[in-house]
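> This is the content of target_10.cif (mmCIF, C-alpha atoms):
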data_model
loop_
_atom_site.label_atom_id
_atom_site.label_comp_id
_atom_site.auth_asym_id
_atom_site.auth_seq_id
_atom_site.Cartn_x
_atom_site.Cartn_y
_atom_site.Cartn_z
CA MET A 1 132.06 103.05 174.44
CA ASN A 2 132.92 100.11 172.17
CA GLN A 3 132.40 100.06 168.41
CA LEU A 4 129.00 98.31 168.54
CA ASN A 5 127.68 100.79 171.08
CA ILE A 6 128.95 103.66 168.94
CA PHE A 7 127.15 102.08 165.99
CA ALA A 8 123.84 101.86 167.83
CA HIS A 9 124.22 105.31 169.34
CA CYS A 10 125.02 106.89 165.98
CA HIS A 11 122.01 105.20 164.39
CA ILE A 12 119.55 106.93 166.67
CA LYS A 13 121.34 110.26 166.54
CA SER A 14 121.46 110.04 162.77
CA PHE A 15 117.73 109.35 162.48
CA LEU A 16 116.75 112.73 163.81
CA ALA A 17 119.08 114.31 161.31
CA PHE A 18 117.97 111.97 158.53
CA ALA A 19 114.32 112.57 159.22
CA THR A 20 114.91 116.29 158.91
CA LEU A 21 117.20 115.94 155.90
CA THR A 22 120.03 117.50 157.91
CA ILE A 23 122.23 114.61 158.91
CA CYS A 24 125.34 116.75 158.90
CA LEU A 25 124.07 118.86 161.80
CA THR A 26 124.63 115.97 164.16
CA HIS A 27 128.35 116.25 163.47
CA VAL A 28 128.86 119.95 162.70
CA CYS A 29 129.29 122.81 165.16
CA LEU A 30 127.08 125.60 163.89
CA ALA A 31 128.66 129.01 163.81
CA GLU A 32 127.23 132.00 165.62
CA GLU A 33 125.70 134.85 163.64
CA LYS A 34 124.53 138.25 164.76
CA PHE A 35 120.78 137.97 165.29
CA VAL A 36 118.34 140.50 163.87
CA CYS A 37 114.67 140.14 164.76
CA ASP A 38 112.67 140.60 161.56
CA LYS A 39 109.20 140.70 163.11
CA LYS A 40 106.17 140.91 160.86
CA ASP A 41 102.49 141.45 161.40
CA ILE A 42 100.81 138.10 161.98
CA LYS A 43 97.39 137.70 160.44
CA VAL A 44 96.13 134.28 161.45
CA PRO A 45 93.87 132.93 158.70
CA ASP A 46 90.53 131.38 159.56
CA ILE A 47 91.38 127.77 158.70
CA THR A 48 88.86 124.99 159.16
CA ARG A 49 89.81 121.49 160.30
CA THR A 50 89.16 120.04 156.84
CA ALA A 51 91.36 122.68 155.20
CA VAL A 52 94.48 121.94 157.27
CA TYR A 53 95.82 119.33 154.80
CA ALA A 54 93.60 120.27 151.84
CA ASN A 55 96.33 121.51 149.48
CA THR A 56 99.23 119.28 150.50
CA PRO A 57 100.52 116.00 149.01
CA PHE A 58 100.38 114.46 152.51
CA LYS A 59 97.17 113.81 154.42
CA SER A 60 96.18 112.83 157.93
CA GLY A 61 96.92 109.16 158.54
CA GLU A 62 100.01 108.97 156.33
CA SER A 63 102.84 106.81 157.65
CA SER A 64 106.38 106.29 156.27
CA THR A 65 108.64 103.66 157.81
CA PHE A 66 112.33 103.63 156.87
CA GLU A 67 115.18 101.17 157.24
CA VAL A 68 118.20 102.99 158.65
CA SER A 69 121.70 101.68 157.92
CA TYR A 70 125.14 102.71 159.07
CA MET A 71 128.28 101.63 157.19
CA GLY A 72 126.19 99.13 155.22
CA LEU A 73 124.69 97.44 158.30
CA LYS A 74 121.01 97.72 159.17
CA ALA A 75 120.67 99.49 162.52
CA GLY A 76 116.92 99.88 163.00
CA TYR A 77 113.78 101.61 161.83
CA ALA A 78 112.34 105.12 161.78
CA THR A 79 108.72 106.13 161.25
CA ILE A 80 107.31 109.54 160.33
CA LYS A 81 103.54 110.15 160.54
CA VAL A 82 101.00 112.81 159.65
CA MET A 83 98.56 113.07 162.54
CA PRO A 84 94.97 114.43 162.63
CA PRO A 85 94.70 118.22 162.93
CA ARG A 86 94.72 119.63 166.45
CA LYS A 87 93.69 122.98 167.83
CA TYR A 88 96.52 124.96 169.38
CA GLU A 89 95.74 128.33 170.92
CA GLY A 90 92.33 128.18 169.27
CA VAL A 91 93.64 127.54 165.72
CA TRP A 92 93.78 124.27 163.78
CA HIS A 93 97.36 123.12 163.20
CA ARG A 94 99.18 120.31 161.42
CA ILE A 95 100.72 117.62 163.59
CA PHE A 96 103.80 115.63 162.55
CA SER A 97 105.36 112.86 164.63
CA GLY A 98 108.45 110.70 164.39
CA GLU A 99 109.91 107.70 166.15
CA ALA A 100 113.23 105.91 165.77
CA LYS A 101 114.48 102.82 167.55
CA THR A 102 117.20 100.24 167.33
CA GLY A 103 116.23 96.82 165.99
CA ASP A 104 115.52 93.76 168.12
CA TRP A 105 118.93 92.34 167.26
CA PHE A 106 120.52 95.22 169.21
CA LYS A 107 118.64 94.81 172.47
CA ALA A 108 121.41 92.78 174.09
CA ILE A 109 123.91 95.54 173.29
CA TYR A 110 122.17 98.87 173.23
CA ILE A 111 118.59 100.16 173.31
CA ALA A 112 117.64 103.56 172.00
CA THR A 113 114.29 105.18 171.22
CA TYR A 114 113.55 108.73 170.13
CA GLU A 115 110.10 110.29 169.83
CA ILE A 116 109.35 113.73 168.42
CA GLU A 117 106.20 115.75 167.71
CA ALA A 118 105.82 119.05 165.90
CA ILE A 119 102.81 121.38 165.89
CA SER A 120 103.08 123.30 162.63
CA ARG A 121 101.17 126.35 161.35
CA PRO A 122 99.18 125.28 158.26
CA TRP A 123 99.49 128.62 156.46
CA ASP A 124 103.32 128.83 156.36
CA PHE A 125 104.78 125.74 158.13
CA GLY A 126 106.11 127.97 160.93
CA ILE A 127 106.70 125.89 164.05
CA ALA A 128 104.41 126.55 167.02
CA LYS A 129 105.44 123.85 169.47
CA PHE A 130 107.95 120.97 169.48
CA TYR A 131 108.47 118.00 171.80
CA MET A 132 111.19 115.36 171.90
CA GLU A 133 111.90 112.41 174.18
CA LYS A 134 114.78 109.96 174.26
CA ASP A 135 115.47 106.72 176.11
CA GLU A 136 118.82 105.09 175.50
CA GLY A 137 121.39 102.87 177.15
CA LYS A 138 122.39 99.26 177.69
CA LEU A 139 119.71 96.67 178.47
CA PHE A 140 120.78 95.90 182.05
CA SER A 141 122.30 99.21 183.07
CA ASN A 142 121.14 102.73 183.84
CA ARG A 143 119.20 104.30 181.00
CA GLN A 144 119.45 107.91 179.91
CA LEU A 145 116.01 109.53 179.87
CA PHE A 146 115.46 113.01 178.53
CA LYS A 147 112.46 115.17 177.53
CA LYS A 148 112.35 118.61 175.94
CA TRP A 149 109.52 121.03 175.20
CA LEU A 150 109.89 124.09 172.96
CA ASP A 151 107.33 126.89 172.58
CA PHE A 152 107.78 129.27 169.66
CA TYR A 153 106.71 132.93 169.67
CA HIS A 154 107.24 134.30 166.18
CA ASP A 155 105.80 137.70 167.09
CA LYS A 156 108.52 138.08 169.74
CA CYS A 157 111.30 136.23 167.84
CA LYS A 158 111.78 133.97 170.86
CA VAL A 159 111.83 130.26 171.74
CA ASN A 160 111.15 129.08 175.29
CA GLU A 161 112.76 125.72 176.06
CA LYS A 162 112.19 123.38 179.01
CA THR A 163 114.19 120.18 179.56
CA TRP A 164 113.54 117.35 182.00
CA GLU A 165 115.79 114.60 183.29
CA PRO A 166 115.09 112.17 186.15
CA GLN A 167 115.99 113.44 189.61
CA LYS A 168 117.11 116.81 188.27
CA PRO A 169 115.40 120.19 188.38
CA ASP A 170 113.81 121.36 185.14
CA VAL A 171 116.03 123.60 183.04
CA ARG A 172 114.45 126.58 181.28
CA LYS A 173 116.15 128.69 178.62
CA GLU A 174 115.24 131.28 176.01
CA PHE A 175 116.68 131.56 172.49
CA ASP A 176 116.33 133.81 169.46
CA LEU A 177 113.96 132.80 166.65
CA GLN A 178 113.83 134.05 163.10
CA PHE A 179 110.26 134.83 162.08
CA GLY A 180 108.65 131.98 160.12
CA ALA A 181 111.31 129.37 160.88
CA ILE A 182 110.31 125.73 160.40
CA ASP A 183 111.15 122.93 162.79
CA ALA A 184 113.44 119.99 162.04
CA LEU A 185 110.59 117.59 161.21
CA GLY A 186 108.23 120.01 159.49
CA VAL A 187 110.86 120.96 156.92
CA VAL A 188 110.70 117.41 155.51
CA PHE A 189 107.03 117.93 154.73
CA LYS A 190 107.57 121.48 153.47
CA MET A 191 110.09 120.21 150.94
CA ARG A 192 107.52 117.72 149.65
CA THR A 193 105.25 120.58 148.59
CA ARG A 194 107.82 121.98 146.15
CA ASN A 195 107.69 121.48 142.37
CA TYR A 196 111.38 121.08 141.65
CA GLN A 197 113.20 122.15 138.52
CA LEU A 198 116.73 121.02 137.72
CA ASN A 199 119.41 123.25 139.25
CA LYS A 200 116.85 125.68 140.67
CA ILE A 201 117.74 125.88 144.36
CA GLU A 202 114.96 125.99 146.93
CA ARG A 203 115.68 127.43 150.40
CA GLU A 204 113.98 126.81 153.74
CA LEU A 205 114.56 128.66 157.02
CA VAL A 206 114.92 126.15 159.87
CA TYR A 207 115.37 126.31 163.65
CA THR A 208 117.16 123.45 165.44
CA SER A 209 119.84 123.09 168.09
CA GLU A 210 119.29 126.65 169.36
CA LYS A 211 120.20 128.09 165.95
CA ASN A 212 118.45 129.58 162.93
CA TRP A 213 119.87 128.36 159.63
CA TRP A 214 119.10 127.80 155.97
CA LEU A 215 118.61 124.48 154.23
CA GLU A 216 119.28 124.61 150.48
CA ALA A 217 117.99 121.87 148.18
CA ASN A 218 119.48 121.71 144.69
CA PRO A 219 117.63 119.35 142.28
CA ILE A 220 120.44 117.65 140.37
CA ALA A 221 118.64 114.76 138.63
CA PHE A 222 115.39 112.93 138.05
CA GLU A 223 115.95 109.24 138.81
CA LYS A 224 114.07 105.97 139.17
CA VAL A 225 114.88 104.52 142.60
CA THR A 226 114.12 101.07 144.01
CA VAL A 227 113.80 100.70 147.78
CA PRO A 228 112.20 97.96 149.95
CA SER A 229 108.73 99.51 149.50
CA GLY A 230 108.95 99.56 145.69
CA THR A 231 110.20 101.55 142.70
CA PHE A 232 109.61 105.30 142.48
CA ASP A 233 110.24 108.09 140.01
CA THR A 234 112.07 110.70 142.08
CA VAL A 235 113.89 114.00 142.10
CA LYS A 236 117.39 113.80 143.61
CA LEU A 237 118.28 116.74 145.85
CA LYS A 238 121.73 117.78 147.01
CA LEU A 239 121.33 119.33 150.45
CA GLN A 240 123.49 122.00 152.04
CA THR A 241 123.15 123.95 155.28
CA PHE A 242 124.08 127.59 155.84
CA ILE A 243 124.13 130.15 158.62
CA GLY A 244 124.05 133.43 156.77
CA LYS A 245 126.22 132.79 153.71
CA GLU A 246 128.58 130.40 155.49
CA LEU A 247 128.36 126.73 154.51
CA GLN A 248 128.14 124.63 157.67
CA GLN A 249 128.23 120.96 156.76
CA LYS A 250 131.19 118.71 156.11
CA GLY A 251 130.28 115.91 153.73
CA ASP A 252 127.61 115.30 151.09
CA VAL A 253 123.94 114.70 151.83
CA TYR A 254 121.34 113.67 149.24
CA ALA A 255 117.61 113.07 149.42
CA TRP A 256 115.23 111.52 146.89
CA ILE A 257 111.59 112.66 146.87
CA ALA A 258 109.00 110.89 144.73
CA THR A 259 107.32 112.83 141.92
CA SER A 260 104.04 110.95 142.39
CA PRO A 261 101.01 112.87 143.76
CA GLU A 262 101.86 111.91 147.38
CA LYS A 263 105.55 112.85 146.93
CA PRO A 264 106.90 110.69 149.79
CA LEU A 265 110.49 110.91 150.93
CA VAL A 266 112.02 107.77 149.40
CA GLN A 267 115.69 107.74 150.34
CA VAL A 268 118.42 109.73 152.08
CA GLU A 269 122.19 109.20 151.83
CA GLY A 270 124.88 110.96 153.82
CA GLU A 271 128.66 110.76 153.92
CA ILE A 272 129.92 112.27 157.17
CA LYS A 273 132.79 111.96 159.63
CA ILE A 274 131.63 108.69 161.20
CA GLY A 275 130.90 107.01 157.85
CA SER A 276 128.07 106.44 155.41
CA LEU A 277 124.43 106.55 156.50
CA TRP A 278 121.36 105.50 154.56
CA MET A 279 117.62 105.71 155.07
CA LYS A 280 115.36 103.81 152.64
CA LEU A 281 111.57 103.72 152.53
CA HIS A 282 110.44 100.35 153.87
CA LYS A 283 106.67 100.89 153.95
CA PHE A 284 104.47 103.79 152.86
CA THR A 285 100.80 104.22 153.75
CA PRO A 286 99.10 107.25 152.21
CA GLY A 287 96.71 109.30 154.29
CA SER A 288 93.19 110.31 153.39
#
Could you spell out this file's structure in structure tokens?


Amino acid sequence: MNQLNIFAHCHIKSFLAFATLTICLTHVCLAEEKFVCDKKDIKVPDITRTAVYANTPFKSGESSTFEVSYMGLKAGYATIKVMPPRKYEGVWHRIFSGEAKTGDWFKAIYIATYEIEAISRPWDFGIAKFYMEKDEGKLFSNRQLFKKWLDFYHDKCKVNEKTWEPQKPDVRKEFDLQFGAIDALGVVFKMRTRNYQLNKIERELVYTSEKNWWLEANPIAFEKVTVPSGTFDTVKLKLQTFIGKELQQKGDVYAWIATSPEKPLVQVEGEIKIGSLWMKLHKFTPGS
């Protein structure tokens, strides 16, 4: 794969990590840890459709589009949306979606599109169901298509995974799940609900890549940041990932979240093995 193809490929891979504020996970092998199922009694609240987003800074209809850059060169765009509530197993849930794709200027070299959707429990952000789809490859050559469905059973501490590829049998696997874990996309929105104080670390339990791990966000500064969509007052977070007490990532990752009532994610910066990666808010449309 030549350098330009690596560039395009890394852009799309990095988006999923960027969108979840965990860019380092794309380039870090997560360690294994002895799993202990900490099951708890689940009391599902009686939540109405109108209450699903009632006490959150984000509302149905919100859309955030980001410019994604690699090594100082613009690679494409990524969009994260808050979708209307949907009933899942008879209960109203939050729906988050994301899409990333290379820009038009890359179509002659490499095309890549990722789509993801998360069904998230409105009372604790615990993930209920997750879907991802990718389509990547050169314009006039065979494309790599891939789909994955994940069903989460917190009461059993299990994840059921099904993957699909063209002309191949479906692959089904089962993995361990820590009770209450959040998905890779939902954790972005969970972090927006926090009221940050300098140097007071906030922790979130996350499940991705067949592992349960901790994301720690350390507020290190309050800064005014200018991005293509405008100027925002923000809190700057230094992000670190852990399995147990063991630090996993190699390289620094920072995220800026606005302190306005909507608290959008404004910017992400990561320094990792393959170079520097940026994501800057290009357009923000609040929900209602």

> Would you write out, as a PyMOL selection string, every residue that the PyMOL selection byres ((chain A and resi 77-81) around 8) captures in this file?

chain A and resi 15+19+61-68+75-76+82-83+96-103

> If the PyMOL selection byres ((chain A and resi 172) around 10) were run on this exact file, what residues would it hold? Put them as a PyMOL selection string.

chain A and resi 148-150+160-164+169-171+173-174

> Can I get the selection written as a PDB file, in the coordinates of the input, with C-alpha atoms?


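The resulting file, result.pdb, is shown below:
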ATOM      1  CA  LYS A 148     112.350 118.610 175.940  1.00  0.00           C
ATOM      2  CA  TRP A 149     109.520 121.030 175.200  1.00  0.00           C
ATOM      3  CA  LEU A 150     109.890 124.090 172.960  1.00  0.00           C
ATOM      4  CA  ASN A 160     111.150 129.080 175.290  1.00  0.00           C
ATOM      5  CA  GLU A 161     112.760 125.720 176.060  1.00  0.00           C
ATOM      6  CA  LYS A 162     112.190 123.380 179.010  1.00  0.00           C
ATOM      7  CA  THR A 163     114.190 120.180 179.560  1.00  0.00           C
ATOM      8  CA  TRP A 164     113.540 117.350 182.000  1.00  0.00           C
ATOM      9  CA  PRO A 169     115.400 120.190 188.380  1.00  0.00           C
ATOM     10  CA  ASP A 170     113.810 121.360 185.140  1.00  0.00           C
ATOM     11  CA  VAL A 171     116.030 123.600 183.040  1.00  0.00           C
ATOM     12  CA  LYS A 173     116.150 128.690 178.620  1.00  0.00           C
ATOM     13  CA  GLU A 174     115.240 131.280 176.010  1.00  0.00           C
TER      14      GLU A 174
END

> Identify, on the basis of only C-alpha atoms, every residue whose closest approach to segment 196-209 of chain A does not exceed 8 Å; exclude the query and any residue fewer than 5 positions from it along the same chain; express the result as an mmCIF file with C-alpha atoms, keeping the file's coordinate frame.


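Done, and the output landed in around.cif:
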data_model
loop_
_atom_site.group_PDB
_atom_site.id
_atom_site.type_symbol
_atom_site.label_atom_id
_atom_site.label_comp_id
_atom_site.auth_asym_id
_atom_site.auth_seq_id
_atom_site.Cartn_x
_atom_site.Cartn_y
_atom_site.Cartn_z
ATOM 1 C CA LEU A 177 113.960 132.800 166.650
ATOM 2 C CA GLN A 178 113.830 134.050 163.100
ATOM 3 C CA GLY A 180 108.650 131.980 160.120
ATOM 4 C CA ALA A 181 111.310 129.370 160.880
ATOM 5 C CA ILE A 182 110.310 125.730 160.400
ATOM 6 C CA ASP A 183 111.150 122.930 162.790
ATOM 7 C CA ALA A 184 113.440 119.990 162.040
ATOM 8 C CA VAL A 187 110.860 120.960 156.920
ATOM 9 C CA TRP A 214 119.100 127.800 155.970
ATOM 10 C CA LEU A 215 118.610 124.480 154.230
ATOM 11 C CA GLU A 216 119.280 124.610 150.480
ATOM 12 C CA ALA A 217 117.990 121.870 148.180
ATOM 13 C CA ASN A 218 119.480 121.710 144.690
ATOM 14 C CA PRO A 219 117.630 119.350 142.280
ATOM 15 C CA ILE A 220 120.440 117.650 140.370
ATOM 16 C CA ALA A 221 118.640 114.760 138.630
ATOM 17 C CA VAL A 235 113.890 114.000 142.100
#

> Written as JSON, numbers by chain, what is the full residue list that the PyMOL selection byres ((chain A and resi 133) around 6) yields on the file shown?

{"A": [114, 115, 132, 134, 146, 147]}

> Using only C-alpha atoms, which of the listed residues (A:Gln240, A:Arg49, A:Arg192, A:Ala54) sits closest to Ser260 of chain A?

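Result for the nearest residue to Ser260 of chain A: A:Arg192.
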
> Between A:Leu281, A:Thr56, A:Gly186, A:Arg86, single out the one closest to Phe130 of chain A, counting only C-alpha atoms.

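Among the listed residues, A:Gly186 lies closest to Phe130 of chain A.
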